[in-house]
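Here is query-v8.tsv, consisting of TSV, C-alpha atoms:
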chain	number	residue	atom	x	y	z
A	1	MET	CA	-86.79	39.23	-52.00
A	2	SER	CA	-88.97	41.67	-50.07
A	3	LYS	CA	-92.64	40.88	-49.41
A	4	LEU	CA	-93.58	43.64	-51.86
A	5	VAL	CA	-91.38	42.32	-54.66
A	6	ALA	CA	-92.88	38.84	-54.17
A	7	GLU	CA	-96.39	40.30	-54.44
A	8	VAL	CA	-95.52	42.23	-57.61
A	9	ILE	CA	-93.89	39.18	-59.22
A	10	GLN	CA	-96.89	37.02	-58.32
A	11	ALA	CA	-99.31	39.56	-59.82
A	12	ASN	CA	-97.09	39.72	-62.91
A	13	GLU	CA	-97.19	35.90	-63.28
A	14	GLN	CA	-100.97	36.08	-63.45
A	15	TYR	CA	-100.79	38.86	-66.03
A	16	VAL	CA	-98.39	36.77	-68.16
A	17	GLU	CA	-100.74	33.77	-67.97
A	18	ASN	CA	-103.61	35.85	-69.35
A	19	PHE	CA	-101.49	37.93	-71.76
A	20	GLY	CA	-103.29	36.55	-74.82
A	21	ASP	CA	-102.25	38.09	-78.15
A	22	LYS	CA	-100.98	41.40	-76.73
A	23	GLY	CA	-97.44	40.40	-77.77
A	24	GLY	CA	-98.43	41.44	-81.30
A	25	LEU	CA	-99.21	45.07	-80.44
A	26	ALA	CA	-97.34	47.70	-82.46
A	27	LEU	CA	-95.01	50.25	-80.87
A	28	PRO	CA	-96.86	53.42	-82.04
A	29	PRO	CA	-100.06	54.14	-80.05
A	30	ALA	CA	-103.04	52.70	-81.93
A	31	ARG	CA	-105.36	55.56	-80.94
A	32	HIS	CA	-102.76	58.26	-81.63
A	33	PHE	CA	-102.93	60.23	-78.42
A	34	ALA	CA	-101.02	60.96	-75.24
A	35	VAL	CA	-102.02	61.73	-71.65
A	36	LEU	CA	-99.89	63.76	-69.22
A	37	THR	CA	-101.08	63.31	-65.65
A	38	CYS	CA	-100.00	63.00	-62.01
A	39	MET	CA	-98.18	60.04	-60.42
A	40	ASP	CA	-100.86	60.03	-57.66
A	41	ALA	CA	-101.67	56.46	-56.57
A	42	ARG	CA	-105.43	57.03	-56.81
A	43	LEU	CA	-105.27	57.77	-60.54
A	44	ASP	CA	-105.42	54.93	-63.06
A	45	PRO	CA	-105.47	56.65	-66.46
A	46	ALA	CA	-106.11	53.38	-68.32
A	47	LYS	CA	-109.25	52.87	-66.24
A	48	PHE	CA	-110.55	56.45	-66.01
A	49	ALA	CA	-109.97	57.20	-69.71
A	50	GLY	CA	-110.71	53.76	-71.15
A	51	LEU	CA	-107.30	52.74	-72.46
A	52	ALA	CA	-106.39	49.24	-73.52
A	53	GLU	CA	-102.76	48.19	-73.86
A	54	GLY	CA	-101.41	49.69	-77.08
A	55	ASP	CA	-103.80	52.66	-77.20
A	56	ALA	CA	-101.98	55.75	-75.92
A	57	HIS	CA	-98.82	57.14	-74.37
A	58	VAL	CA	-99.13	57.87	-70.66
A	59	ILE	CA	-96.69	60.35	-69.10
A	60	ARG	CA	-96.83	60.82	-65.34
A	61	ASN	CA	-94.90	62.88	-62.80
A	62	ALA	CA	-95.56	64.66	-59.52
A	63	GLY	CA	-98.46	66.97	-60.36
A	64	GLY	CA	-98.81	66.01	-64.02
A	65	ARG	CA	-96.76	69.14	-64.71
A	66	ALA	CA	-95.49	70.20	-68.14
A	67	SER	CA	-91.86	69.88	-67.04
A	68	ASP	CA	-89.04	69.90	-69.58
A	69	ASP	CA	-88.97	66.12	-69.23
A	70	ALA	CA	-92.70	65.79	-69.92
A	71	ILE	CA	-92.23	67.95	-73.02
A	72	ARG	CA	-89.25	65.77	-74.08
A	73	SER	CA	-91.62	62.80	-73.86
A	74	LEU	CA	-94.46	64.53	-75.73
A	75	VAL	CA	-92.12	65.61	-78.54
A	76	ILE	CA	-90.92	62.00	-78.97
A	77	SER	CA	-94.57	60.92	-78.80
A	78	TYR	CA	-95.67	62.87	-81.88
A	79	LYS	CA	-92.46	63.29	-83.85
A	80	LEU	CA	-91.46	59.63	-83.87
A	81	LEU	CA	-94.63	57.80	-82.85
A	82	GLY	CA	-97.40	59.83	-84.41
A	83	THR	CA	-99.69	60.99	-81.58
A	84	LYS	CA	-102.06	63.75	-82.73
A	85	GLU	CA	-104.00	64.88	-79.61
A	86	TRP	CA	-102.84	65.43	-76.04
A	87	PHE	CA	-104.53	65.64	-72.63
A	88	VAL	CA	-103.07	67.47	-69.62
A	89	ILE	CA	-104.88	66.15	-66.52
A	90	HIS	CA	-104.29	67.45	-62.98
A	91	HIS	CA	-106.50	66.32	-60.08
A	92	THR	CA	-108.27	67.41	-56.92
A	93	ASP	CA	-106.62	66.82	-53.52
A	94	CYS	CA	-103.17	66.83	-55.17
A	95	GLY	CA	-100.18	66.58	-52.84
A	96	MET	CA	-98.51	69.35	-54.87
A	97	GLU	CA	-100.96	71.83	-53.28
A	98	LEU	CA	-99.69	71.02	-49.77
A	99	PHE	CA	-96.21	72.54	-49.86
A	100	THR	CA	-93.90	75.14	-51.40
A	101	ASN	CA	-90.32	74.96	-52.65
A	102	GLU	CA	-89.24	76.61	-49.40
A	103	ILE	CA	-91.06	74.07	-47.20
A	104	MET	CA	-89.66	71.14	-49.19
A	105	GLY	CA	-86.13	72.54	-49.22
A	106	ASN	CA	-86.21	72.94	-45.44
A	107	LEU	CA	-87.71	69.47	-44.85
A	108	LEU	CA	-85.00	67.82	-46.98
A	109	ALA	CA	-82.33	69.85	-45.20
A	110	SER	CA	-83.73	68.69	-41.85
A	111	SER	CA	-83.49	64.95	-42.68
A	112	LEU	CA	-83.85	62.50	-45.57
A	113	ASP	CA	-86.63	60.63	-43.77
A	114	THR	CA	-90.34	60.91	-44.47
A	115	ALA	CA	-92.00	63.95	-42.88
A	116	THR	CA	-95.43	63.94	-41.26
A	117	PHE	CA	-98.38	66.23	-42.00
A	118	ASP	CA	-101.22	67.27	-39.72
A	119	GLY	CA	-102.13	70.52	-41.41
A	120	LYS	CA	-98.46	71.47	-41.14
A	121	TRP	CA	-95.33	69.53	-42.11
A	122	LYS	CA	-93.08	68.20	-39.34
A	123	ASP	CA	-89.78	66.38	-39.62
A	124	ILE	CA	-88.44	64.27	-36.79
A	125	GLY	CA	-86.19	62.12	-39.01
A	126	THR	CA	-82.66	61.12	-38.03
A	127	THR	CA	-81.04	60.41	-41.44
A	128	PRO	CA	-78.86	63.46	-42.13
A	129	GLY	CA	-80.49	65.90	-44.56
A	130	SER	CA	-79.12	67.72	-47.60
A	131	ASN	CA	-79.33	71.28	-48.88
A	132	GLU	CA	-79.59	69.99	-52.47
A	133	GLY	CA	-83.36	70.21	-52.26
A	134	LYS	CA	-83.11	73.99	-52.03
A	135	GLU	CA	-81.86	74.05	-55.64
A	136	ILE	CA	-84.86	72.19	-57.07
A	137	ASP	CA	-88.07	73.67	-58.43
A	138	PHE	CA	-90.64	71.11	-57.24
A	139	LEU	CA	-93.36	72.56	-59.53
A	140	THR	CA	-95.88	72.89	-56.72
A	141	ILE	CA	-99.48	73.97	-57.36
A	142	SER	CA	-101.29	76.85	-55.69
A	143	ASN	CA	-104.46	76.85	-57.83
A	144	LEU	CA	-105.56	73.74	-59.68
A	145	ALA	CA	-107.34	75.30	-62.66
A	146	ASP	CA	-104.52	77.83	-63.05
A	147	SER	CA	-101.91	75.05	-63.11
A	148	VAL	CA	-103.79	73.29	-65.91
A	149	VAL	CA	-104.09	76.51	-67.93
A	150	GLU	CA	-100.41	77.25	-67.33
A	151	ASP	CA	-99.24	73.80	-68.39
A	152	VAL	CA	-101.46	73.62	-71.48
A	153	ALA	CA	-100.09	77.02	-72.52
A	154	LYS	CA	-96.52	75.88	-71.85
A	155	VAL	CA	-96.96	72.82	-74.07
A	156	ARG	CA	-98.94	74.78	-76.67
A	157	ASN	CA	-96.29	77.50	-76.97
A	158	HIS	CA	-93.25	75.23	-77.02
A	159	PRO	CA	-91.19	75.76	-80.19
A	160	LEU	CA	-91.08	72.01	-80.88
A	161	VAL	CA	-94.85	71.47	-80.64
A	162	PRO	CA	-96.63	71.80	-83.98
A	163	PRO	CA	-99.77	73.99	-84.04
A	164	SER	CA	-101.81	71.06	-85.42
A	165	ILE	CA	-101.89	69.22	-82.07
A	166	PRO	CA	-104.87	70.07	-79.84
A	167	VAL	CA	-103.99	70.12	-76.13
A	168	TYR	CA	-106.96	69.52	-73.81
A	169	GLY	CA	-106.95	70.61	-70.16
A	170	TYR	CA	-108.83	68.54	-67.56
A	171	ILE	CA	-109.10	68.05	-63.79
A	172	TYR	CA	-109.74	64.55	-62.44
A	173	ASP	CA	-111.95	64.51	-59.35
A	174	VAL	CA	-110.58	61.90	-56.93
A	175	LYS	CA	-113.90	61.83	-55.04
A	176	THR	CA	-115.99	60.80	-58.07
A	177	GLY	CA	-113.57	59.58	-60.75
A	178	ARG	CA	-114.89	62.23	-63.13
A	179	LEU	CA	-112.87	64.18	-65.70
A	180	ILE	CA	-113.85	67.86	-65.68
A	181	GLU	CA	-112.79	70.07	-68.56
A	182	VAL	CA	-110.88	73.26	-67.73
A	183	GLU	CA	-112.52	75.20	-70.53
A	184	GLU	CA	-110.13	78.10	-70.28
A	185	ALA	CA	-107.18	75.72	-70.74
A	186	THR	CA	-108.65	73.90	-73.69
A	187	LYS	CA	-109.51	77.23	-75.29
A	188	VAL	CA	-105.92	78.41	-74.81
A	189	GLY	CA	-104.66	75.07	-75.93
A	190	THR	CA	-106.69	74.14	-78.96
A	191	VAL	CA	-105.78	75.42	-82.36
A	192	LYS	CA	-109.06	75.93	-84.15
B	1	MET	CA	-115.44	67.98	-79.45
B	2	SER	CA	-113.19	65.59	-81.38
B	3	LYS	CA	-114.15	61.94	-81.85
B	4	LEU	CA	-111.32	60.98	-79.48
B	5	VAL	CA	-112.44	63.36	-76.72
B	6	ALA	CA	-115.99	61.99	-77.02
B	7	GLU	CA	-114.67	58.43	-76.63
B	8	VAL	CA	-112.58	59.35	-73.60
B	9	ILE	CA	-115.48	61.17	-71.94
B	10	GLN	CA	-117.80	58.24	-72.61
B	11	ALA	CA	-115.31	55.77	-71.12
B	12	ASN	CA	-114.92	58.10	-68.14
B	13	GLU	CA	-118.71	58.20	-67.60
B	14	GLN	CA	-118.68	54.41	-67.26
B	15	TYR	CA	-115.78	54.58	-64.81
B	16	VAL	CA	-117.68	57.15	-62.73
B	17	GLU	CA	-120.79	54.94	-62.67
B	18	ASN	CA	-118.77	52.04	-61.26
B	19	PHE	CA	-116.51	54.16	-59.03
B	20	GLY	CA	-117.82	52.56	-55.82
B	21	ASP	CA	-116.10	53.67	-52.61
B	22	LYS	CA	-112.82	54.74	-54.22
B	23	GLY	CA	-113.61	58.34	-53.29
B	24	GLY	CA	-112.46	57.46	-49.78
B	25	LEU	CA	-108.91	56.50	-50.76
B	26	ALA	CA	-106.12	58.32	-48.93
B	27	LEU	CA	-103.54	60.46	-50.72
B	28	PRO	CA	-100.39	58.52	-49.60
B	29	PRO	CA	-99.90	55.23	-51.49
B	30	ALA	CA	-101.38	52.39	-49.43
B	31	ARG	CA	-98.68	49.90	-50.44
B	32	HIS	CA	-95.84	52.41	-49.96
B	33	PHE	CA	-94.02	52.02	-53.24
B	34	ALA	CA	-93.35	53.76	-56.53
B	35	VAL	CA	-92.77	52.58	-60.10
B	36	LEU	CA	-90.76	54.51	-62.69
B	37	THR	CA	-91.43	53.19	-66.19
B	38	CYS	CA	-91.84	54.13	-69.85
B	39	MET	CA	-94.78	56.00	-71.40
B	40	ASP	CA	-95.03	53.22	-74.04
B	41	ALA	CA	-98.67	52.53	-74.95
B	42	ARG	CA	-98.26	48.76	-74.57
B	43	LEU	CA	-97.35	49.04	-70.88
B	44	ASP	CA	-100.08	49.11	-68.24
B	45	PRO	CA	-98.21	49.13	-64.91
B	46	ALA	CA	-101.43	48.73	-62.90
B	47	LYS	CA	-102.16	45.54	-64.82
B	48	PHE	CA	-98.66	44.06	-65.15
B	49	ALA	CA	-97.72	44.76	-61.51
B	50	GLY	CA	-101.12	44.23	-59.89
B	51	LEU	CA	-101.94	47.75	-58.68
B	52	ALA	CA	-105.37	48.85	-57.53
B	53	GLU	CA	-106.22	52.53	-57.31
B	54	GLY	CA	-104.54	53.95	-54.21
B	55	ASP	CA	-101.67	51.44	-54.12
B	56	ALA	CA	-98.56	53.06	-55.60
B	57	HIS	CA	-97.11	56.09	-57.32
B	58	VAL	CA	-96.54	55.59	-61.05
B	59	ILE	CA	-94.04	57.85	-62.81
B	60	ARG	CA	-93.74	57.54	-66.59
B	61	ASN	CA	-91.71	59.26	-69.28
B	62	ALA	CA	-90.09	58.40	-72.61
B	63	GLY	CA	-87.88	55.42	-71.75
B	64	GLY	CA	-88.69	55.28	-68.03
B	65	ARG	CA	-85.45	57.19	-67.56
B	66	ALA	CA	-84.20	58.57	-64.23
B	67	SER	CA	-84.40	62.15	-65.47
B	68	ASP	CA	-84.16	65.08	-63.06
B	69	ASP	CA	-87.95	65.30	-63.25
B	70	ALA	CA	-88.40	61.62	-62.39
B	71	ILE	CA	-86.08	62.12	-59.41
B	72	ARG	CA	-88.09	65.23	-58.38
B	73	SER	CA	-91.17	63.01	-58.38
B	74	LEU	CA	-89.48	60.17	-56.47
B	75	VAL	CA	-88.19	62.57	-53.81
B	76	ILE	CA	-91.71	63.95	-53.29
B	77	SER	CA	-92.97	60.34	-53.25
B	78	TYR	CA	-90.92	59.27	-50.20
B	79	LYS	CA	-90.28	62.56	-48.39
B	80	LEU	CA	-93.89	63.72	-48.27
B	81	LEU	CA	-95.88	60.59	-49.08
B	82	GLY	CA	-93.90	57.79	-47.47
B	83	THR	CA	-92.98	55.34	-50.25
B	84	LYS	CA	-90.28	52.90	-49.12
B	85	GLU	CA	-89.36	50.78	-52.19
B	86	TRP	CA	-88.92	51.77	-55.83
B	87	PHE	CA	-88.93	49.94	-59.16
B	88	VAL	CA	-87.18	51.19	-62.31
B	89	ILE	CA	-88.70	49.30	-65.28
B	90	HIS	CA	-87.54	49.69	-68.89
B	91	HIS	CA	-88.89	47.42	-71.65
B	92	THR	CA	-88.01	45.46	-74.78
B	93	ASP	CA	-88.66	47.00	-78.21
B	94	CYS	CA	-88.45	50.51	-76.73
B	95	GLY	CA	-88.66	53.42	-79.16
B	96	MET	CA	-85.76	55.03	-77.32
B	97	GLU	CA	-83.44	52.43	-78.88
B	98	LEU	CA	-84.34	53.58	-82.42
B	99	PHE	CA	-82.68	56.99	-82.54
B	100	THR	CA	-79.91	59.23	-81.21
B	101	ASN	CA	-79.89	62.87	-80.13
B	102	GLU	CA	-78.34	63.73	-83.47
B	103	ILE	CA	-81.03	61.94	-85.50
B	104	MET	CA	-83.82	63.55	-83.44
B	105	GLY	CA	-82.26	67.02	-83.62
B	106	ASN	CA	-82.05	66.76	-87.39
B	107	LEU	CA	-85.59	65.39	-87.78
B	108	LEU	CA	-87.03	68.26	-85.71
B	109	ALA	CA	-84.97	70.77	-87.68
B	110	SER	CA	-86.33	69.29	-90.91
B	111	SER	CA	-90.01	69.73	-89.93
B	112	LEU	CA	-92.35	69.59	-86.93
B	113	ASP	CA	-94.41	66.83	-88.55
B	114	THR	CA	-94.25	63.13	-87.69
B	115	ALA	CA	-91.37	61.28	-89.34
B	116	THR	CA	-91.60	57.79	-90.81
B	117	PHE	CA	-89.41	54.78	-90.05
B	118	ASP	CA	-88.57	51.79	-92.25
B	119	GLY	CA	-85.28	50.83	-90.64
B	120	LYS	CA	-84.20	54.44	-91.11
B	121	TRP	CA	-85.97	57.69	-90.19
B	122	LYS	CA	-87.31	59.87	-92.99
B	123	ASP	CA	-88.97	63.27	-92.78
B	124	ILE	CA	-91.15	64.59	-95.56
B	125	GLY	CA	-93.11	67.00	-93.35
B	126	THR	CA	-94.00	70.52	-94.45
B	127	THR	CA	-94.50	72.31	-91.09
B	128	PRO	CA	-91.34	74.38	-90.62
B	129	GLY	CA	-88.85	72.75	-88.23
B	130	SER	CA	-86.83	74.18	-85.33
B	131	ASN	CA	-83.24	73.84	-84.19
B	132	GLU	CA	-84.40	73.80	-80.54
B	133	GLY	CA	-84.34	70.00	-80.62
B	134	LYS	CA	-80.57	70.08	-80.99
B	135	GLU	CA	-80.30	71.48	-77.46
B	136	ILE	CA	-82.23	68.63	-75.82
B	137	ASP	CA	-80.84	65.41	-74.38
B	138	PHE	CA	-83.54	62.92	-75.36
B	139	LEU	CA	-82.12	60.23	-73.01
B	140	THR	CA	-82.02	57.58	-75.74
B	141	ILE	CA	-81.07	53.97	-74.98
B	142	SER	CA	-78.34	51.95	-76.70
B	143	ASN	CA	-78.39	48.88	-74.42
B	144	LEU	CA	-81.46	48.01	-72.39
B	145	ALA	CA	-79.85	46.29	-69.40
B	146	ASP	CA	-77.18	49.01	-69.24
B	147	SER	CA	-79.84	51.73	-69.18
B	148	VAL	CA	-81.56	50.05	-66.22
B	149	VAL	CA	-78.27	49.69	-64.33
B	150	GLU	CA	-77.39	53.31	-65.12
B	151	ASP	CA	-80.75	54.66	-63.96
B	152	VAL	CA	-80.88	52.59	-60.78
B	153	ALA	CA	-77.38	53.84	-59.93
B	154	LYS	CA	-78.40	57.43	-60.71
B	155	VAL	CA	-81.38	57.22	-58.36
B	156	ARG	CA	-79.40	55.27	-55.76
B	157	ASN	CA	-76.55	57.81	-55.68
B	158	HIS	CA	-78.68	60.94	-55.66
B	159	PRO	CA	-77.94	63.09	-52.60
B	160	LEU	CA	-81.65	63.42	-51.78
B	161	VAL	CA	-82.37	59.68	-51.83
B	162	PRO	CA	-81.97	58.01	-48.42
B	163	PRO	CA	-79.91	54.78	-48.32
B	164	SER	CA	-82.85	52.93	-46.75
B	165	ILE	CA	-84.84	52.79	-50.01
B	166	PRO	CA	-84.22	49.70	-52.14
B	167	VAL	CA	-84.29	50.40	-55.89
B	168	TYR	CA	-85.11	47.38	-58.06
B	169	GLY	CA	-84.18	47.20	-61.74
B	170	TYR	CA	-86.44	45.31	-64.17
B	171	ILE	CA	-87.11	44.90	-67.90
B	172	TYR	CA	-90.70	44.37	-69.07
B	173	ASP	CA	-90.95	42.03	-72.07
B	174	VAL	CA	-93.62	43.41	-74.43
B	175	LYS	CA	-93.92	40.02	-76.17
B	176	THR	CA	-94.91	38.11	-73.01
B	177	GLY	CA	-95.89	40.69	-70.39
B	178	ARG	CA	-93.19	39.35	-68.07
B	179	LEU	CA	-91.05	41.39	-65.67
B	180	ILE	CA	-87.42	40.24	-65.79
B	181	GLU	CA	-85.04	41.33	-63.07
B	182	VAL	CA	-81.82	43.04	-64.11
B	183	GLU	CA	-79.83	41.43	-61.33
B	184	GLU	CA	-76.85	43.70	-61.79
B	185	ALA	CA	-79.07	46.76	-61.35
B	186	THR	CA	-80.82	45.50	-58.27
B	187	LYS	CA	-77.46	44.58	-56.78
B	188	VAL	CA	-76.15	48.06	-57.48
B	189	GLY	CA	-79.34	49.54	-56.24
B	190	THR	CA	-80.21	47.70	-53.08
B	191	VAL	CA	-78.70	48.75	-49.81
B	192	LYS	CA	-78.24	45.57	-47.79

Rewrite the structure from the file as structure tokens, please.
Amino acid sequence: MSKLVAEVIQANEQYVENFGDKGGLALPPARHFAVLTCMDARLDPAKFAGLAEGDAHVIRNAGGRASDDAIRSLVISYKLLGTKEWFVIHHTDCGMELFTNEIMGNLLASSLDTATFDGKWKDIGTTPGSNEGKEIDFLTISNLADSVVEDVAKVRNHPLVPPSIPVYGYIYDVKTGRLIEVEEATKVGTVK
Amino acid sequence: MSKLVAEVIQANEQYVENFGDKGGLALPPARHFAVLTCMDARLDPAKFAGLAEGDAHVIRNAGGRASDDAIRSLVISYKLLGTKEWFVIHHTDCGMELFTNEIMGNLLASSLDTATFDGKWKDIGTTPGSNEGKEIDFLTISNLADSVVEDVAKVRNHPLVPPSIPVYGYIYDVKTGRLIEVEEATKVGTVK
């Protein structure tokens, strides 16, 4: 068992000891909403949005992008489990602003090891690379507010998303912890 | 502003007030790992695995499945941001065990409203449905341990995933809060 696994299991033991009556929580989210946000380590949606266990679906990927997979998850969220309002939350200082598909494709072709960044990406890895990365759209971000507007619109206009679900667009500021509304996105996204 | 949005913003204000020095956290995960798990409302990975803000990437979708989008996120996680160990965590009583692609396709074709479940899905919605759902693979689960083994193997065997990254397979028990190793998955997944 790695040191990390031991730490995670130990933390989990403590959680189990203090689990209380959470074993009785129902499957459908009690507060009937879902959050789509970034996988970024600095973001804790439960903490920054005030979620207890059982409250809301939380969908996370690189960038908090409205990928086909995020939309698959959102459709399951309302159609089978009754969520009624959705948040799309990107954040400042996002790693997705630091590269392009071309940069990533070339880095993965160079090696499969972790690259370094000092204003520019460099790859001195030795594990042989792969050209497979050149076939992937990494859903990078060039402008943060634009990416929120784009993703809210993509969700909003999806043929499987009912017009009754409001979709709110926000940016999370990693320097302050504050949620800032992207008014243009919420306007695009909310059915009045 | 909806009642829900007001609640979220109020909770966020409190988080901001107690944000402390978290504005200084670095972008790359401090503990160099990533967790892929389900969007289920009852799961709080930060709590059940002992994560502080800044520690680890958290990727979540319906089922915690190793979708192409989850793999996109994991590849970004190690290649650009240096994670070195990954967990794939599914959970007991998952909604993904309660339907099939066929059931979901038919429910979405019937209406875009939320269906009801009493051992069997029923749809009495009035918002016109769409056949688009019949084109989607919803990545449902028929056996929980099998789905963990399958997803660990899918991540493990992906051409963009370096052999140096261990991939651990676990099931989270929603009745107790406990993480249970799927030994077969971790064996498949870990490069010795």

### Query
Any idea what the distance is between CA of Phe48 in chain B and CA of Asn12 in chain A?
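Pair CA of Phe48 in chain B / CA of Asn12 in chain A returns 5.1 Å.
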
### Atomic separation - CA of Val155 in chain B relative to CA of Gly63 in chain B, Å
15.0 Å

#### Entry: Residues within 6 Å of range 20-29 of chain B, all atoms listed in the file, excluding chain neighbours under 5 positions, as a count of residues only
8

Considering only C-alpha atoms, return as a compact mmCIF listing (two decimals) with C-alpha atoms, keeping the file's coordinate frame whatever protein or nucleic-acid residues lie within 10 Å of Asp137 in chain A, sequence-local ones (same chain, fewer than 4 positions apart) excluded.
# COMPACT_ATOMS: atom_id res chain seq x y z
CA THR A 100 -93.90 75.14 -51.40
CA ASN A 101 -90.32 74.96 -52.65
CA GLU A 102 -89.24 76.61 -49.40
CA MET A 104 -89.66 71.14 -49.19
CA GLY A 105 -86.13 72.54 -49.22
CA GLY A 133 -83.36 70.21 -52.26
CA ASP B 69 -87.95 65.30 -63.25
CA ARG B 72 -88.09 65.23 -58.38

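Taking only C-alpha atoms into account, Tyr172 in chain A lies nearest to B:Tyr15 out of the set B:Ala52, B:Tyr15, B:Phe117, B:Gly129.
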
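If you look at CA of Val182 in chain B and CA of Leu80 in chain A, they are 27.5 Å away from each other.
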
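The shortest atom-to-atom distance to Ser73 in chain A, with only C-alpha atoms taken into account, belongs to B:Leu139 out of B:Leu179, B:Leu36, B:Leu139, B:Leu160.
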
### Query
Can you list, as a PyMOL selection string, every protein, DNA or RNA residue that comes within 9 Å of Thr83 in chain A when you count all atoms listed in the file, leaving out same-chain residues fewer than 4 positions away?
(chain A and resi 28-34+56-57+74+77-79+165) or (chain B and resi 114)

### Task
Could you give me, as a list in words, the residues within 12 Å of Ile141 in chain A, counting all atoms listed in the file and dropping anything in the same chain fewer than 3 positions from it?
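The residues satisfying every condition are Cys38, Ala62, Gly63, Gly64, Arg65, His90, His91, Thr92, Asp93, Cys94, Gly95, Met96, Glu97, Leu98, Phe99, Thr100, Asn101, Asp137, Phe138, Leu144, Ala145, Asp146, Ser147, Val148, Val149, Glu150 and Asp151 of chain A.
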
### Among listed residues A:Val5, A:Val88, A:Ile180, A:Val16, nearest chain B (using all atoms listed in the file)
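Once distances to chain B are computed over all atoms listed in the file, the minimum belongs to A:Val16.
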
### Task
Measuring atom to atom with all atoms listed in the file, identify which of A:Gln10, A:Asn61, A:Thr37, A:Asn143 is nearest to chain B.
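Closest to chain B, using all atoms listed in the file: A:Asn61.
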
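The residue that comes closest to chain B, out of A:Ser111, A:Arg178, A:Trp86, A:Gly119 and on the basis of all atoms listed in the file, is A:Arg178.
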
Kindly provide, as AutoDock Vina command-line options, the centre and edge lengths (Å, one decimal) of an axis-aligned box around all atoms of range 128-145 of chain A given in the file, with 8 Å on each side.
--center_x -93.1 --center_y 70.2 --center_z -52.4 --size_x 44.5 --size_y 29.4 --size_z 36.5
